[in-house]
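Colleague: Sending over work_9.cif (mmCIF, C-alpha atoms, pLDDT in the B column; chains and numbers go by the auth columns).
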data_run
loop_
_atom_site.group_PDB
_atom_site.id
_atom_site.type_symbol
_atom_site.label_atom_id
_atom_site.label_comp_id
_atom_site.label_asym_id
_atom_site.label_seq_id
_atom_site.Cartn_x
_atom_site.Cartn_y
_atom_site.Cartn_z
_atom_site.B_iso_or_equiv
_atom_site.auth_seq_id
_atom_site.auth_asym_id
ATOM 1 C CA MET A 1 -14.412 60.584 186.878 50.00 1 A
ATOM 2 C CA ALA A 2 -15.642 61.701 190.288 59.00 2 A
ATOM 3 C CA GLY A 3 -14.697 59.873 193.456 57.00 3 A
ATOM 4 C CA ALA A 4 -16.892 58.159 195.994 57.00 4 A
ATOM 5 C CA GLY A 5 -19.364 60.486 197.651 68.00 5 A
ATOM 6 C CA TYR A 6 -19.315 63.009 194.814 79.00 6 A
ATOM 7 C CA ARG A 7 -23.115 63.257 194.651 85.00 7 A
ATOM 8 C CA ARG A 8 -23.783 62.955 198.354 87.00 8 A
ATOM 9 C CA GLU A 9 -26.425 65.706 198.687 92.00 9 A
ATOM 10 C CA ARG A 10 -30.105 64.852 198.251 94.00 10 A
ATOM 11 C CA MET A 11 -32.666 67.157 196.641 95.00 11 A
ATOM 12 C CA ILE A 12 -36.358 66.456 196.085 96.00 12 A
ATOM 13 C CA TYR A 13 -37.737 67.564 192.734 97.00 13 A
ATOM 14 C CA GLN A 14 -41.292 68.900 193.083 96.00 14 A
ATOM 15 C CA THR A 15 -43.940 69.888 190.516 96.00 15 A
ATOM 16 C CA PRO A 16 -46.787 72.373 191.017 94.00 16 A
ATOM 17 C CA SER A 17 -50.467 71.591 190.760 91.00 17 A
ATOM 18 C CA ARG A 18 -53.083 74.311 190.843 89.00 18 A
ATOM 19 C CA SER A 19 -56.507 73.963 192.389 86.00 19 A
ATOM 20 C CA THR A 20 -59.361 76.127 193.602 87.00 20 A
ATOM 21 C CA ASP A 21 -60.228 76.189 197.314 84.00 21 A
ATOM 22 C CA VAL A 22 -63.751 76.517 198.775 86.00 22 A
ATOM 23 C CA ALA A 23 -63.490 80.325 198.699 88.00 23 A
ATOM 24 C CA GLY A 24 -62.771 80.252 194.956 87.00 24 A
ATOM 25 C CA GLN A 25 -59.123 81.253 195.360 89.00 25 A
ATOM 26 C CA GLN A 26 -56.364 79.629 193.307 90.00 26 A
ATOM 27 C CA THR A 27 -53.900 77.629 195.403 90.00 27 A
ATOM 28 C CA VAL A 28 -50.667 75.896 194.432 90.00 28 A
ATOM 29 C CA THR A 29 -49.604 72.640 196.038 91.00 29 A
ATOM 30 C CA TRP A 30 -46.253 70.953 195.408 94.00 30 A
ATOM 31 C CA SER A 31 -45.941 67.210 194.817 94.00 31 A
ATOM 32 C CA ASP A 32 -42.723 65.247 195.272 95.00 32 A
ATOM 33 C CA VAL A 33 -41.642 63.482 192.076 95.00 33 A
ATOM 34 C CA VAL A 34 -38.142 62.097 192.630 95.00 34 A
ATOM 35 C CA THR A 35 -35.216 62.364 195.052 94.00 35 A
ATOM 36 C CA LEU A 36 -31.998 63.191 193.217 94.00 36 A
ATOM 37 C CA ALA A 37 -28.424 62.459 194.295 92.00 37 A
ATOM 38 C CA CYS A 38 -26.637 65.754 193.665 94.00 38 A
ATOM 39 C CA ALA A 39 -23.394 67.667 193.755 93.00 39 A
ATOM 40 C CA ILE A 40 -24.249 71.267 194.730 92.00 40 A
ATOM 41 C CA THR A 41 -22.035 74.244 193.939 90.00 41 A
ATOM 42 C CA PRO A 42 -23.094 77.659 195.269 86.00 42 A
ATOM 43 C CA THR A 43 -22.704 80.633 192.962 83.00 43 A
ATOM 44 C CA GLN A 44 -23.127 84.312 193.704 70.00 44 A
ATOM 45 C CA ARG A 45 -24.862 86.686 191.408 69.00 45 A
ATOM 46 C CA GLU A 46 -25.832 90.324 191.745 62.00 46 A
ATOM 47 C CA VAL A 47 -29.508 90.986 191.172 65.00 47 A
ATOM 48 C CA LEU A 48 -31.429 94.242 191.054 63.00 48 A
ATOM 49 C CA ASP A 49 -34.528 94.420 193.231 63.00 49 A
ATOM 50 C CA ASP A 50 -36.753 97.228 194.541 64.00 50 A
ATOM 51 C CA LEU A 51 -34.243 98.182 197.225 67.00 51 A
ATOM 52 C CA GLY A 52 -31.191 98.280 194.974 63.00 52 A
ATOM 53 C CA VAL A 53 -28.434 95.797 194.239 60.00 53 A
ATOM 54 C CA SER A 54 -28.306 92.736 196.464 61.00 54 A
ATOM 55 C CA VAL A 55 -26.527 89.414 196.398 61.00 55 A
ATOM 56 C CA ARG A 56 -28.454 86.170 196.481 69.00 56 A
ATOM 57 C CA THR A 57 -27.147 82.658 196.500 74.00 57 A
ATOM 58 C CA ASP A 58 -27.910 80.624 193.436 86.00 58 A
ATOM 59 C CA ILE A 59 -26.798 77.041 193.042 90.00 59 A
ATOM 60 C CA SER A 60 -25.535 74.860 190.256 92.00 60 A
ATOM 61 C CA VAL A 61 -26.664 71.272 190.740 94.00 61 A
ATOM 62 C CA GLU A 62 -25.272 68.252 188.941 94.00 62 A
ATOM 63 C CA SER A 63 -27.414 65.143 189.244 92.00 63 A
ATOM 64 C CA SER A 64 -28.025 61.874 187.496 89.00 64 A
ATOM 65 C CA TYR A 65 -30.359 62.060 184.498 91.00 65 A
ATOM 66 C CA HIS A 66 -34.118 61.978 185.022 92.00 66 A
ATOM 67 C CA ALA A 67 -36.441 62.732 182.101 91.00 67 A
ATOM 68 C CA GLY A 68 -39.152 64.240 184.333 92.00 68 A
ATOM 69 C CA VAL A 69 -36.985 67.074 185.688 94.00 69 A
ATOM 70 C CA VAL A 70 -37.936 70.301 183.883 93.00 70 A
ATOM 71 C CA ALA A 71 -37.670 74.027 184.617 93.00 71 A
ATOM 72 C CA LYS A 72 -41.324 74.302 185.715 93.00 72 A
ATOM 73 C CA GLY A 73 -40.545 72.633 189.032 95.00 73 A
ATOM 74 C CA ARG A 74 -38.488 73.372 192.119 96.00 74 A
ATOM 75 C CA LEU A 75 -35.922 71.641 194.322 96.00 75 A
ATOM 76 C CA LYS A 76 -36.119 71.083 198.073 96.00 76 A
ATOM 77 C CA HIS A 77 -32.971 70.180 200.021 94.00 77 A
ATOM 78 C CA THR A 78 -33.641 67.145 202.220 93.00 78 A
ATOM 79 C CA VAL A 79 -31.540 68.357 205.195 92.00 79 A
ATOM 80 C CA SER A 80 -31.818 72.166 205.317 90.00 80 A
ATOM 81 C CA LEU A 81 -35.319 72.173 203.725 91.00 81 A
ATOM 82 C CA SER A 82 -34.268 75.183 201.616 90.00 82 A
ATOM 83 C CA ILE A 83 -36.353 75.607 198.470 93.00 83 A
ATOM 84 C CA TYR A 84 -34.940 76.624 195.080 93.00 84 A
ATOM 85 C CA ASN A 85 -36.801 77.721 191.946 93.00 85 A
ATOM 86 C CA ILE A 86 -35.333 76.057 188.878 95.00 86 A
ATOM 87 C CA MET A 87 -34.122 78.508 186.228 93.00 87 A
ATOM 88 C CA SER A 88 -32.754 76.001 183.696 94.00 88 A
ATOM 89 C CA VAL A 89 -32.201 72.281 183.168 95.00 89 A
ATOM 90 C CA THR A 90 -29.662 71.079 180.613 93.00 90 A
ATOM 91 C CA ASP A 91 -28.058 67.829 179.508 91.00 91 A
ATOM 92 C CA PRO A 92 -24.341 68.758 179.375 90.00 92 A
ATOM 93 C CA ASP A 93 -23.422 65.529 177.592 86.00 93 A
ATOM 94 C CA ALA A 94 -25.108 66.500 174.303 83.00 94 A
ATOM 95 C CA GLY A 95 -28.157 64.262 174.645 82.00 95 A
ATOM 96 C CA ARG A 96 -26.439 61.170 176.056 88.00 96 A
ATOM 97 C CA LYS A 97 -28.834 61.232 179.061 88.00 97 A
ATOM 98 C CA ARG A 98 -26.219 60.555 181.741 89.00 98 A
ATOM 99 C CA ARG A 99 -26.529 63.648 183.939 90.00 99 A
ATOM 100 C CA LEU A 100 -28.329 66.963 184.354 94.00 100 A
ATOM 101 C CA ARG A 101 -27.030 70.425 185.140 94.00 101 A
ATOM 102 C CA ILE A 102 -29.632 72.485 186.981 95.00 102 A
ATOM 103 C CA LEU A 103 -29.361 76.193 187.786 94.00 103 A
ATOM 104 C CA ALA A 104 -31.646 77.309 190.612 93.00 104 A
ATOM 105 C CA ALA A 105 -32.299 80.362 192.807 90.00 105 A
ATOM 106 C CA GLU A 106 -33.085 80.116 196.503 87.00 106 A
ATOM 107 C CA ILE A 107 -36.513 81.249 197.630 84.00 107 A
ATOM 108 C CA VAL A 108 -36.064 83.537 200.626 73.00 108 A
ATOM 109 C CA PRO A 109 -38.977 83.180 203.085 66.00 109 A
#
As structure tokens, please, write out the structure in this file.
Modeller:
Amino acid sequence: MAGAGYRRERMIYQTPSRSTDVAGQQTVTWSDVVTLACAITPTQREVLDDLGVSVRTDISVESSYHAGVVAKGRLKHTVSLSIYNIMSVTDPDAGRKRRLRILAAEIVP
């Protein structure tokens, strides 16, 4: 069992909604759904991009269970305002709905 302050980070889960602006262009706006209490663990992974091999920081997030959190959304850190695309959302307790494990990749501006 984790000690006090284990999930002390806060992340906002956001979902996309698409709309058309006055010029007829598609735009995406992000709506806040829920603020999650999280334990964040950075991971490093090598990825291949147009310029060659680079290292980006991905994160593993453990949070309390919320049924609305799915891989279509993104996470926004409440302090640093960093934004992470969600790659996967799993229930590590075999369907007991106690916590979520989220893998996400940082969006570099």
Colleague: Need to verify the contact set: Thr35 of chain A, 7 Å, all atoms listed in the file, exclusion of same-chain residues closer than 4 positions in sequence. Can you return it as a list in words?
Modeller: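 Answer for this query is Arg10, Met11, Ile12 and Tyr13 of chain A.
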Colleague: Could the residues in this selection be written to a file with C-alpha atoms, as a PDB file, in the frame of the given file?
Modeller:
ATOM      1  CA  ARG A  10     -30.105  64.852 198.251  1.00 94.00           C
ATOM      2  CA  MET A  11     -32.666  67.157 196.641  1.00 95.00           C
ATOM      3  CA  ILE A  12     -36.358  66.456 196.085  1.00 96.00           C
ATOM      4  CA  TYR A  13     -37.737  67.564 192.734  1.00 97.00           C
TER       5      TYR A  13
END
Colleague: Measure the distance from atom CA of Val70 of chain A to atom CA of Tyr84 of chain A in Å and round it to one decimal.
Modeller: 13.2 Å
Colleague: Which residues match the PyMOL selection byres ((chain A and resi 15) around 8) in the file above, as a PyMOL selection string?
Modeller: chain A and resi 13-14+16-17+30-33+72-74
Colleague: I need the residue nearest Val61 of chain A from this list: A:Met87, A:Val34, A:Arg101, A:Gly24. Use all atoms listed in the file for the distance.
Modeller: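 Closest candidate: A:Arg101.
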Colleague: Take the PyMOL selection byres ((chain A and resi 103) around 7), run it mentally on this structure, and tell me the resulting residues as an mmCIF file with C-alpha atoms, keeping the file's coordinate frame.
Modeller:
data_model
loop_
_atom_site.group_PDB
_atom_site.id
_atom_site.type_symbol
_atom_site.label_atom_id
_atom_site.label_comp_id
_atom_site.auth_asym_id
_atom_site.auth_seq_id
_atom_site.Cartn_x
_atom_site.Cartn_y
_atom_site.Cartn_z
ATOM 1 C CA ILE A 59 -26.798 77.041 193.042
ATOM 2 C CA SER A 60 -25.535 74.860 190.256
ATOM 3 C CA VAL A 61 -26.664 71.272 190.740
ATOM 4 C CA ILE A 86 -35.333 76.057 188.878
ATOM 5 C CA MET A 87 -34.122 78.508 186.228
ATOM 6 C CA SER A 88 -32.754 76.001 183.696
ATOM 7 C CA VAL A 89 -32.201 72.281 183.168
ATOM 8 C CA ARG A 101 -27.030 70.425 185.140
ATOM 9 C CA ILE A 102 -29.632 72.485 186.981
ATOM 10 C CA ALA A 104 -31.646 77.309 190.612
#
Colleague: Please report the interatomic distance between atom CA of Leu36 of chain A and atom CA of Arg18 of chain A in Å with one decimal.
Modeller: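 We find that atom CA of Leu36 of chain A and atom CA of Arg18 of chain A lie 24.0 Å from each other.
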Colleague: Would you work out the distance separating atom CA of Ala23 of chain A from atom CA of Lys76 of chain A, expressed in Å to one decimal?
Modeller: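 About the pair atom CA of Ala23 of chain A and atom CA of Lys76 of chain A: they are 28.9 Å apart.
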Colleague: Of the candidates A:Ser80, A:Ser19, A:Ser64, A:Thr57, which one gets nearest to Ala37 of chain A if we count only C-alpha atoms?
Modeller: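 So, comparing all the options, the nearest one is A:Ser64.
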Colleague: Please return, as an MDAnalysis selection string, all polymer residues that have at least one atom within 9 Å of the point (-36.6, 79.5, 207.2); use only C-alpha atoms and the file's own coordinate frame.
Modeller: chainID A and resid 80:82 108:109
Colleague: Using all atoms listed in the file, which residue out of A:Glu106, A:Ala94, A:Thr20, A:Thr43 lies closest to His77 of chain A?
Modeller: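 With all atoms listed in the file as the atom set, the closest residue is A:Glu106.
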Colleague: Measuring atom to atom with only C-alpha atoms, identify which of A:Arg8, A:Ile83, A:Leu100, A:Asp93 is nearest to Glu62 of chain A.
Modeller: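 Nearest candidate to Glu62 of chain A out of A:Arg8, A:Ile83, A:Leu100, A:Asp93: A:Leu100.
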Colleague: My list of candidates is A:Tyr65, A:Thr41, A:Tyr6, A:Leu75. Which is closest to Arg96 of chain A when distances are computed with only C-alpha atoms?
Modeller: A:Tyr65
Colleague: Around segment 72-78 of chain A, with edges along x, y and z and 3 Å added on all six sides, what centre and edge lengths do you get, in Å to one decimal, as lines of an AutoDock Vina configuration file?
Modeller:
center_x = -37.1
center_y = 70.7
center_z = 194.0
size_x = 14.4
size_y = 13.2
size_z = 22.5
